[in-house]
>>> print(open('data_27.txt').read())   # compact mmCIF, C-alpha atoms
# COMPACT_ATOMS: atom_id res chain seq x y z
CA ASP A 1 9.53 -20.07 30.26
CA GLY A 2 10.66 -16.95 28.47
CA GLY A 3 11.13 -17.00 24.76
CA ILE A 4 10.02 -15.86 21.34
CA THR A 5 6.89 -17.12 19.66
CA GLN A 6 6.51 -16.87 15.91
CA SER A 7 3.28 -17.65 14.15
CA PRO A 8 2.17 -19.19 11.97
CA LYS A 9 4.76 -21.87 11.39
CA TYR A 10 3.71 -22.22 7.75
CA LEU A 11 2.06 -19.53 5.65
CA PHE A 12 0.86 -19.58 2.10
CA ARG A 13 0.30 -16.38 0.18
CA LYS A 14 -1.28 -15.71 -3.15
CA GLU A 15 0.53 -13.36 -5.44
CA GLY A 16 -0.47 -9.77 -4.81
CA GLN A 17 -1.51 -10.33 -1.21
CA ASN A 18 -0.03 -8.78 1.88
CA VAL A 19 0.63 -11.11 4.79
CA THR A 20 1.73 -10.45 8.35
CA LEU A 21 4.06 -12.64 10.36
CA SER A 22 3.75 -12.49 14.10
CA CYS A 23 6.64 -12.27 16.57
CA GLU A 24 6.03 -12.04 20.32
CA GLN A 25 8.58 -12.15 23.14
CA ASN A 26 8.22 -12.30 26.90
CA LEU A 27 11.88 -11.73 27.68
CA ASN A 28 11.57 -7.99 28.32
CA HIS A 29 14.15 -7.36 25.59
CA ASP A 30 14.31 -3.91 24.04
CA ALA A 31 15.83 -4.90 20.69
CA MET A 32 14.14 -7.12 18.13
CA TYR A 33 15.14 -8.24 14.64
CA TRP A 34 13.72 -9.88 11.53
CA TYR A 35 15.86 -12.08 9.30
CA ARG A 36 15.18 -13.80 6.01
CA GLN A 37 16.79 -17.08 4.99
CA ASP A 38 16.71 -18.46 1.45
CA PRO A 39 17.50 -22.14 0.78
CA GLY A 40 21.19 -22.87 1.14
CA GLN A 41 22.00 -19.34 2.25
CA GLY A 42 22.71 -17.39 5.38
CA LEU A 43 20.42 -15.06 7.24
CA ARG A 44 19.91 -11.51 6.00
CA LEU A 45 18.56 -8.67 8.11
CA ILE A 46 15.25 -7.15 7.05
CA TYR A 47 14.37 -4.73 9.85
CA TYR A 48 15.29 -4.12 13.46
CA SER A 49 13.96 -2.15 16.37
CA GLN A 50 15.90 -1.04 19.41
CA ILE A 51 12.98 0.51 21.28
CA VAL A 52 9.23 0.84 21.11
CA ASN A 53 7.95 3.10 18.32
CA ASP A 54 11.29 3.07 16.55
CA PHE A 55 12.68 0.77 13.86
CA GLN A 56 15.36 0.80 11.20
CA LYS A 57 15.82 -0.80 7.80
CA GLY A 58 18.21 -3.65 7.46
CA ASP A 59 19.97 -4.87 4.34
CA ILE A 60 16.89 -6.10 2.45
CA ALA A 61 13.95 -3.98 3.66
CA GLU A 62 12.32 -3.38 0.26
CA GLY A 63 8.87 -4.92 0.08
CA TYR A 64 8.56 -5.31 3.85
CA SER A 65 7.13 -3.21 6.64
CA VAL A 66 7.16 -3.48 10.43
CA SER A 67 5.68 -1.85 13.51
CA ARG A 68 6.74 -1.73 17.14
CA GLU A 69 3.80 -0.47 19.15
CA LYS A 70 4.49 -2.72 22.12
CA LYS A 71 7.77 -3.93 23.57
CA GLU A 72 6.64 -7.53 23.30
CA SER A 73 5.56 -7.48 19.67
CA PHE A 74 7.36 -6.89 16.37
CA PRO A 75 5.15 -8.00 13.45
CA LEU A 76 6.50 -8.16 9.91
CA THR A 77 4.28 -7.48 6.90
CA VAL A 78 5.33 -8.90 3.56
CA THR A 79 3.75 -6.63 0.99
CA SER A 80 2.86 -7.27 -2.63
CA ALA A 81 5.90 -5.19 -3.52
CA GLN A 82 8.15 -8.03 -2.37
CA LYS A 83 8.67 -9.89 -5.64
CA ASN A 84 10.16 -13.06 -4.25
CA PRO A 85 8.79 -13.57 -0.75
CA THR A 86 9.12 -17.35 -0.55
CA ALA A 87 11.62 -17.89 2.28
CA PHE A 88 12.13 -18.83 5.90
CA TYR A 89 11.69 -15.90 8.30
CA LEU A 90 13.28 -15.75 11.72
CA CYS A 91 12.59 -13.25 14.47
CA ALA A 92 15.10 -12.54 17.23
CA SER A 93 15.51 -10.40 20.29
CA ARG A 94 18.62 -9.25 22.10
CA GLY A 95 19.10 -9.12 25.83
CA ARG A 96 21.95 -7.97 27.99
CA ASN A 97 25.46 -9.19 27.24
CA TYR A 98 24.54 -9.78 23.61
CA GLY A 99 22.40 -12.80 24.29
CA TYR A 100 20.25 -13.25 21.20
CA THR A 101 17.13 -15.39 21.30
CA PHE A 102 15.54 -16.70 18.12
CA GLY A 103 12.03 -17.86 17.38
CA SER A 104 11.31 -21.12 15.59
CA GLY A 105 10.58 -19.38 12.31
CA THR A 106 7.82 -19.02 9.72
CA ARG A 107 8.04 -20.65 6.29
CA LEU A 108 6.30 -18.46 3.74
CA THR A 109 5.37 -19.84 0.34
CA VAL A 110 3.80 -18.00 -2.55
CA VAL A 111 1.20 -20.11 -4.35
CA ALA B 112 30.74 -2.63 7.53
CA GLN B 113 30.96 -5.98 9.19
CA LYS B 114 31.26 -9.19 7.20
CA VAL B 115 31.49 -12.90 7.96
CA THR B 116 32.81 -15.47 5.51
CA GLN B 117 32.40 -19.22 5.76
CA ALA B 118 34.30 -20.52 2.77
CA GLN B 119 33.17 -24.13 3.14
CA THR B 120 29.63 -24.58 1.86
CA GLU B 121 29.41 -28.30 2.62
CA ILE B 122 31.53 -30.85 4.44
CA SER B 123 30.89 -34.57 4.42
CA VAL B 124 32.57 -36.88 6.94
CA VAL B 125 32.19 -40.38 8.26
CA GLU B 126 31.11 -40.80 11.85
CA LYS B 127 33.91 -40.43 14.41
CA GLU B 128 35.99 -38.23 12.13
CA ASP B 129 36.87 -34.73 13.31
CA VAL B 130 35.56 -31.78 11.32
CA THR B 131 36.69 -28.15 11.43
CA LEU B 132 34.53 -25.29 10.21
CA ASP B 133 36.28 -22.10 9.19
CA CYS B 134 35.02 -18.60 9.92
CA VAL B 135 36.73 -15.36 8.91
CA TYR B 136 35.31 -11.99 9.86
CA GLU B 137 35.81 -8.32 9.07
CA THR B 138 35.03 -5.43 11.38
CA ARG B 139 36.31 -1.93 12.08
CA ASP B 140 35.20 -2.08 15.67
CA THR B 141 37.57 -3.07 18.47
CA THR B 142 34.74 -4.42 20.58
CA TYR B 143 32.62 -7.13 19.05
CA TYR B 144 31.07 -10.51 19.70
CA LEU B 145 31.38 -13.71 17.73
CA PHE B 146 28.86 -16.52 17.71
CA TRP B 147 28.30 -20.01 16.39
CA TYR B 148 24.81 -21.40 15.80
CA LYS B 149 23.59 -24.81 14.72
CA GLN B 150 20.54 -25.11 12.45
CA PRO B 151 19.06 -28.60 12.26
CA PRO B 152 16.58 -29.51 9.49
CA SER B 153 13.68 -28.20 11.58
CA GLY B 154 15.04 -24.69 11.06
CA GLU B 155 15.44 -23.25 14.52
CA LEU B 156 18.79 -21.75 15.47
CA VAL B 157 20.56 -23.42 18.36
CA PHE B 158 23.06 -21.21 20.17
CA LEU B 159 26.47 -22.83 20.64
CA ILE B 160 28.88 -20.16 21.81
CA ARG B 161 29.42 -16.42 22.24
CA ARG B 162 32.89 -14.91 22.52
CA ASN B 163 33.84 -11.27 22.97
CA SER B 164 36.77 -9.69 21.19
CA PHE B 165 38.84 -9.33 24.34
CA ASP B 166 38.80 -12.99 25.23
CA GLU B 167 41.07 -14.98 22.96
CA GLN B 168 41.14 -18.09 25.06
CA ASN B 169 40.15 -21.19 23.21
CA GLU B 170 37.15 -23.00 24.56
CA ILE B 171 36.12 -26.62 24.76
CA SER B 172 32.64 -27.89 25.50
CA GLY B 173 32.34 -31.64 25.26
CA ARG B 174 33.11 -32.62 21.67
CA TYR B 175 33.01 -28.98 20.54
CA SER B 176 35.98 -26.63 20.58
CA TRP B 177 36.59 -23.15 19.27
CA ASN B 178 39.79 -21.41 18.20
CA PHE B 179 39.69 -17.61 18.22
CA GLN B 180 42.63 -15.79 16.60
CA LYS B 181 42.36 -12.02 16.35
CA SER B 182 45.58 -11.83 14.36
CA THR B 183 43.94 -13.66 11.47
CA SER B 184 40.34 -12.55 12.23
CA SER B 185 39.24 -16.14 12.49
CA PHE B 186 36.93 -18.03 14.82
CA ASN B 187 37.05 -21.68 13.82
CA PHE B 188 34.90 -24.47 15.20
CA THR B 189 35.89 -28.12 15.55
CA ILE B 190 33.65 -31.08 16.21
CA THR B 191 35.66 -34.00 17.56
CA ALA B 192 34.54 -37.57 16.94
CA SER B 193 31.54 -36.47 14.89
CA GLN B 194 28.18 -38.17 15.25
CA VAL B 195 25.20 -38.44 12.91
CA VAL B 196 23.30 -36.03 15.19
CA ASP B 197 25.87 -33.36 14.33
CA SER B 198 24.48 -33.20 10.81
CA ALA B 199 23.17 -29.67 10.39
CA VAL B 200 24.01 -26.27 8.99
CA TYR B 201 26.38 -24.26 11.15
CA PHE B 202 26.50 -20.48 11.09
CA CYS B 203 29.17 -18.13 12.32
CA ALA B 204 27.97 -14.62 13.20
CA LEU B 205 29.36 -11.27 14.32
CA SER B 206 27.85 -8.40 16.31
CA GLU B 207 29.61 -5.07 16.70
CA ALA B 208 29.17 -3.34 20.04
CA ILE B 209 27.89 -0.13 18.49
CA LYS B 210 24.41 0.54 19.79
CA ALA B 211 23.80 3.27 17.20
CA ALA B 212 24.23 0.61 14.53
CA GLY B 213 21.68 -1.62 16.18
CA ASN B 214 24.03 -4.29 17.48
CA LYS B 215 22.98 -6.33 14.50
CA LEU B 216 24.03 -9.91 14.00
CA THR B 217 25.73 -10.46 10.66
CA PHE B 218 25.80 -14.08 9.54
CA GLY B 219 28.11 -16.04 7.31
CA GLY B 220 26.64 -18.14 4.53
CA GLY B 221 26.69 -21.28 6.64
CA THR B 222 28.43 -24.64 6.31
CA ARG B 223 26.36 -27.75 5.86
CA VAL B 224 27.85 -30.71 7.73
CA LEU B 225 26.81 -34.21 6.75
CA VAL B 226 27.96 -36.99 9.03
CA LYS B 227 27.54 -40.43 7.51
CA PRO B 228 27.25 -43.54 9.66
>>> encode(input="data_27.txt", output="structure tokens")
Amino acid sequence: DGGITQSPKYLFRKEGQNVTLSCEQNLNHDAMYWYRQDPGQGLRLIYYSQIVNDFQKGDIAEGYSVSREKKESFPLTVTSAQKNPTAFYLCASRGRNYGYTFGSGTRLTVV
Amino acid sequence: AQKVTQAQTEISVVEKEDVTLDCVYETRDTTYYLFWYKQPPSGELVFLIRRNSFDEQNEISGRYSWNFQKSTSSFNFTITASQVVDSAVYFCALSEAIKAAGNKLTFGGGTRVLVKP
């Protein structure tokens, strides 16, 4: 079945470390998105990509980086510059007719 | 810029009561899409409905119904005869049909619904 796979489901990071969250889709969607969710809050857009080798900053891009070398993959790196990275991260892709598909998320905790 | 407001942060009801979740949006675009998602404790987002700006017909799906009113920029969601399994956080979201802007989904802050037995 087509869908989005995010890994790992849980991730622990030491302060000062960079970590990379994986997002893979087999839906043949051009557009992909990364969202951050803090407890009790809505989702905020970090980065998005509408086509391979192109991506744009969202509302809270500081301290994050992405790449889009393949259509299927849109990894998110949380850098040491992100001062408060503990959150739930969701990856999404968009198909025709504005059908968005979400992954199951990665919970990142700084220890 | 687009914006979605869900004024109710938490609603608590007793099973079998009806519950209505409010959603108000702002957009400059004439073509846009509105969504509702359910987020159970496990965290994944469950798609409930998508509605485009040209279709103001209300919709009913089982115990769920949606009321879209462009005149008041609202897209409210009602759960009839609530059940414990309806307990979750519900998000309203908006996407403008402007490809240059990325067709981004903008979410409201969410409404937590607690259905007590």
>>> residues_around(input="data_27.txt", residues="Asn163 in chain B", least_positions_apart="6", cutoff="7 Å", atoms="all atoms listed in the file", output="number ranges by chain")
B: 143-145
>>> residues_near_point(input="data_27.txt", point="(7.7, -12.8, 29.7)", cutoff="6 Å", atoms="only C-alpha atoms", output="PyMOL selection string")
chain A and resi 2+26-27
>>> closest_atom_pairs(input="data_27.txt", of="chain A", to="chain B", cutoff="9 Å", atoms="only C-alpha atoms", output="JSON lines")
{"residue": "A:Ala31", "atom": "CA", "partner": "B:Gly213", "partner_atom": "CA", "distance": 8.1}
{"residue": "A:Tyr33", "atom": "CA", "partner": "B:Lys215", "partner_atom": "CA", "distance": 8.1}
{"residue": "A:Gly40", "atom": "CA", "partner": "B:Gly221", "partner_atom": "CA", "distance": 7.9}
{"residue": "A:Gln41", "atom": "CA", "partner": "B:Gly220", "partner_atom": "CA", "distance": 5.3}
{"residue": "A:Gly42", "atom": "CA", "partner": "B:Gly220", "partner_atom": "CA", "distance": 4.1}
{"residue": "A:Leu43", "atom": "CA", "partner": "B:Phe218", "partner_atom": "CA", "distance": 5.9}
{"residue": "A:Arg44", "atom": "CA", "partner": "B:Phe218", "partner_atom": "CA", "distance": 7.3}
{"residue": "A:Leu45", "atom": "CA", "partner": "B:Thr217", "partner_atom": "CA", "distance": 7.8}
{"residue": "A:Tyr48", "atom": "CA", "partner": "B:Gly213", "partner_atom": "CA", "distance": 7.4}
{"residue": "A:Ser49", "atom": "CA", "partner": "B:Gly213", "partner_atom": "CA", "distance": 7.7}
{"residue": "A:Gln50", "atom": "CA", "partner": "B:Gly213", "partner_atom": "CA", "distance": 6.6}
{"residue": "A:Gln56", "atom": "CA", "partner": "B:Gly213", "partner_atom": "CA", "distance": 8.4}
{"residue": "A:Gly58", "atom": "CA", "partner": "B:Lys215", "partner_atom": "CA", "distance": 8.9}
{"residue": "A:Phe88", "atom": "CA", "partner": "B:Gly154", "partner_atom": "CA", "distance": 8.3}
{"residue": "A:Leu90", "atom": "CA", "partner": "B:Glu155", "partner_atom": "CA", "distance": 8.3}
{"residue": "A:Arg94", "atom": "CA", "partner": "B:Asn214", "partner_atom": "CA", "distance": 8.7}
{"residue": "A:Tyr98", "atom": "CA", "partner": "B:Tyr144", "partner_atom": "CA", "distance": 7.6}
{"residue": "A:Gly99", "atom": "CA", "partner": "B:Arg161", "partner_atom": "CA", "distance": 8.2}
{"residue": "A:Tyr100", "atom": "CA", "partner": "B:Phe158", "partner_atom": "CA", "distance": 8.5}
{"residue": "A:Thr101", "atom": "CA", "partner": "B:Phe158", "partner_atom": "CA", "distance": 8.4}
{"residue": "A:Phe102", "atom": "CA", "partner": "B:Leu156", "partner_atom": "CA", "distance": 6.6}
{"residue": "A:Gly103", "atom": "CA", "partner": "B:Glu155", "partner_atom": "CA", "distance": 7.0}
{"residue": "A:Ser104", "atom": "CA", "partner": "B:Glu155", "partner_atom": "CA", "distance": 4.8}
{"residue": "A:Gly105", "atom": "CA", "partner": "B:Glu155", "partner_atom": "CA", "distance": 6.6}
>>> write_last_selection(input="data_27.txt", atoms="C-alpha atoms", output="PDB file, in the frame of the given file")
ATOM      1  CA  ALA A  31      15.830  -4.900  20.690  1.00  0.00           C
ATOM      2  CA  TYR A  33      15.140  -8.240  14.640  1.00  0.00           C
ATOM      3  CA  GLY A  40      21.190 -22.870   1.140  1.00  0.00           C
ATOM      4  CA  GLN A  41      22.000 -19.340   2.250  1.00  0.00           C
ATOM      5  CA  GLY A  42      22.710 -17.390   5.380  1.00  0.00           C
ATOM      6  CA  LEU A  43      20.420 -15.060   7.240  1.00  0.00           C
ATOM      7  CA  ARG A  44      19.910 -11.510   6.000  1.00  0.00           C
ATOM      8  CA  LEU A  45      18.560  -8.670   8.110  1.00  0.00           C
ATOM      9  CA  TYR A  48      15.290  -4.120  13.460  1.00  0.00           C
ATOM     10  CA  SER A  49      13.960  -2.150  16.370  1.00  0.00           C
ATOM     11  CA  GLN A  50      15.900  -1.040  19.410  1.00  0.00           C
ATOM     12  CA  GLN A  56      15.360   0.800  11.200  1.00  0.00           C
ATOM     13  CA  GLY A  58      18.210  -3.650   7.460  1.00  0.00           C
ATOM     14  CA  PHE A  88      12.130 -18.830   5.900  1.00  0.00           C
ATOM     15  CA  LEU A  90      13.280 -15.750  11.720  1.00  0.00           C
ATOM     16  CA  ARG A  94      18.620  -9.250  22.100  1.00  0.00           C
ATOM     17  CA  TYR A  98      24.540  -9.780  23.610  1.00  0.00           C
ATOM     18  CA  GLY A  99      22.400 -12.800  24.290  1.00  0.00           C
ATOM     19  CA  TYR A 100      20.250 -13.250  21.200  1.00  0.00           C
ATOM     20  CA  THR A 101      17.130 -15.390  21.300  1.00  0.00           C
ATOM     21  CA  PHE A 102      15.540 -16.700  18.120  1.00  0.00           C
ATOM     22  CA  GLY A 103      12.030 -17.860  17.380  1.00  0.00           C
ATOM     23  CA  SER A 104      11.310 -21.120  15.590  1.00  0.00           C
ATOM     24  CA  GLY A 105      10.580 -19.380  12.310  1.00  0.00           C
TER      25      GLY A 105
END
>>> atom_distance(input="data_27.txt", atom1="CA of Met32 in chain A", atom2="CA of Asp140 in chain B")
21.8 Å
>>> atom_distance(input="data_27.txt", atom1="CA of Gln194 in chain B", atom2="CA of Lys9 in chain A")
28.8 Å
>>> atom_distance(input="data_27.txt", atom1="CA of Ala92 in chain A", atom2="CA of Ser67 in chain A")
14.7 Å
>>> residues_around(input="data_27.txt", residues="Ser185 in chain B", least_positions_apart="6", cutoff="8 Å", atoms="all atoms listed in the file", output="PyMOL selection string")
chain B and resi 133-136+178-179
>>> closest_atom_pairs(input="data_27.txt", of="range 29-59 of chain A", to="range 70-74 of chain A", cutoff="8 Å", atoms="only C-alpha atoms", output="CSV")
residue,atom,partner,partner_atom,distance
A:His29,CA,A:Lys71,CA,7.5
A:Asp30,CA,A:Lys71,CA,6.6
A:Met32,CA,A:Phe74,CA,7.0
A:Ile51,CA,A:Lys71,CA,7.2
A:Val52,CA,A:Lys71,CA,5.6
A:Asn53,CA,A:Lys70,CA,7.8
>>> write_last_selection(input="data_27.txt", atoms="C-alpha atoms", output="PDB file, keeping the file's coordinate frame")
ATOM      1  CA  HIS A  29      14.150  -7.360  25.590  1.00  0.00           C
ATOM      2  CA  ASP A  30      14.310  -3.910  24.040  1.00  0.00           C
ATOM      3  CA  MET A  32      14.140  -7.120  18.130  1.00  0.00           C
ATOM      4  CA  ILE A  51      12.980   0.510  21.280  1.00  0.00           C
ATOM      5  CA  VAL A  52       9.230   0.840  21.110  1.00  0.00           C
ATOM      6  CA  ASN A  53       7.950   3.100  18.320  1.00  0.00           C
TER       7      ASN A  53
END
>>> build_atoms(input="data_27.txt", residues="range 129-140 of chain B", atoms="all heavy atoms", output="CSV table (one decimal), in the frame of the given file")
chain,number,residue,atom,x,y,z
B,129,ASP,N,36.9,-36.1,12.8
B,129,ASP,CA,36.9,-34.7,13.3
B,129,ASP,C,36.6,-33.8,12.1
B,129,ASP,O,36.9,-34.1,11.0
B,129,ASP,CB,38.2,-34.3,13.9
B,129,ASP,CG,38.6,-35.1,15.1
B,129,ASP,OD1,37.7,-35.8,15.7
B,129,ASP,OD2,39.8,-35.0,15.6
B,130,VAL,N,35.9,-32.7,12.4
B,130,VAL,CA,35.6,-31.8,11.3
B,130,VAL,C,35.8,-30.4,11.8
B,130,VAL,O,35.4,-30.0,13.0
B,130,VAL,CB,34.1,-32.0,10.8
B,130,VAL,CG1,33.1,-31.9,11.9
B,130,VAL,CG2,33.8,-31.0,9.7
B,131,THR,N,36.4,-29.5,11.1
B,131,THR,CA,36.7,-28.2,11.4
B,131,THR,C,36.0,-27.2,10.4
B,131,THR,O,36.2,-27.3,9.2
B,131,THR,CB,38.2,-27.9,11.5
B,131,THR,OG1,38.8,-28.7,12.5
B,131,THR,CG2,38.5,-26.4,11.8
B,132,LEU,N,35.3,-26.3,11.0
B,132,LEU,CA,34.5,-25.3,10.2
B,132,LEU,C,35.2,-23.9,10.3
B,132,LEU,O,35.5,-23.5,11.4
B,132,LEU,CB,33.1,-25.2,10.7
B,132,LEU,CG,32.3,-26.5,10.9
B,132,LEU,CD1,30.9,-26.2,11.4
B,132,LEU,CD2,32.3,-27.3,9.6
B,133,ASP,N,35.5,-23.4,9.2
B,133,ASP,CA,36.3,-22.1,9.2
B,133,ASP,C,35.3,-20.9,9.2
B,133,ASP,O,34.3,-20.9,8.6
B,133,ASP,CB,37.2,-22.0,7.9
B,133,ASP,CG,38.2,-23.1,7.9
B,133,ASP,OD1,38.6,-23.6,9.0
B,133,ASP,OD2,38.6,-23.5,6.8
B,134,CYS,N,35.8,-19.9,9.9
B,134,CYS,CA,35.0,-18.6,9.9
B,134,CYS,C,36.0,-17.4,9.9
B,134,CYS,O,36.9,-17.4,10.8
B,134,CYS,CB,34.1,-18.5,11.2
B,134,CYS,SG,33.3,-16.9,11.4
B,135,VAL,N,35.9,-16.6,9.0
B,135,VAL,CA,36.7,-15.4,8.9
B,135,VAL,C,35.8,-14.2,8.9
B,135,VAL,O,34.8,-14.1,8.3
B,135,VAL,CB,37.6,-15.4,7.6
B,135,VAL,CG1,38.4,-14.1,7.5
B,135,VAL,CG2,38.6,-16.5,7.6
B,136,TYR,N,36.2,-13.2,9.7
B,136,TYR,CA,35.3,-12.0,9.9
B,136,TYR,C,36.1,-10.7,9.6
B,136,TYR,O,37.3,-10.6,9.6
B,136,TYR,CB,34.7,-12.0,11.3
B,136,TYR,CG,35.7,-11.8,12.4
B,136,TYR,CD1,36.1,-10.6,12.8
B,136,TYR,CD2,36.3,-13.0,12.9
B,136,TYR,CE1,37.1,-10.4,13.8
B,136,TYR,CE2,37.3,-12.8,13.9
B,136,TYR,CZ,37.7,-11.6,14.4
B,136,TYR,OH,38.6,-11.5,15.3
B,137,GLU,N,35.3,-9.7,9.3
B,137,GLU,CA,35.8,-8.3,9.1
B,137,GLU,C,35.0,-7.3,9.9
B,137,GLU,O,33.8,-7.4,9.9
B,137,GLU,CB,35.7,-7.9,7.6
B,137,GLU,CG,36.5,-8.7,6.6
B,137,GLU,CD,36.3,-8.3,5.2
B,137,GLU,OE1,35.9,-7.2,5.0
B,137,GLU,OE2,36.4,-9.2,4.3
B,138,THR,N,35.7,-6.5,10.6
B,138,THR,CA,35.0,-5.4,11.4
B,138,THR,C,36.0,-4.3,11.6
B,138,THR,O,37.2,-4.5,11.8
B,138,THR,CB,34.5,-6.0,12.7
B,138,THR,OG1,33.9,-4.9,13.5
B,138,THR,CG2,35.6,-6.6,13.5
B,139,ARG,N,35.5,-3.1,11.7
B,139,ARG,CA,36.3,-1.9,12.1
B,139,ARG,C,36.3,-1.7,13.6
B,139,ARG,O,37.1,-0.9,14.1
B,139,ARG,CB,35.8,-0.7,11.4
B,139,ARG,CG,35.9,-0.8,9.9
B,139,ARG,CD,35.4,0.5,9.2
B,139,ARG,NE,35.1,0.3,7.8
B,139,ARG,CZ,34.5,1.2,7.1
B,139,ARG,NH1,34.0,2.3,7.6
B,139,ARG,NH2,34.2,1.0,5.8
B,140,ASP,N,35.4,-2.3,14.3
B,140,ASP,CA,35.2,-2.1,15.7
B,140,ASP,C,36.2,-2.9,16.5
B,140,ASP,O,36.7,-4.0,16.1
B,140,ASP,CB,33.8,-2.5,16.1
B,140,ASP,CG,33.4,-1.8,17.4
B,140,ASP,OD1,34.1,-1.0,17.9
B,140,ASP,OD2,32.2,-2.1,17.8
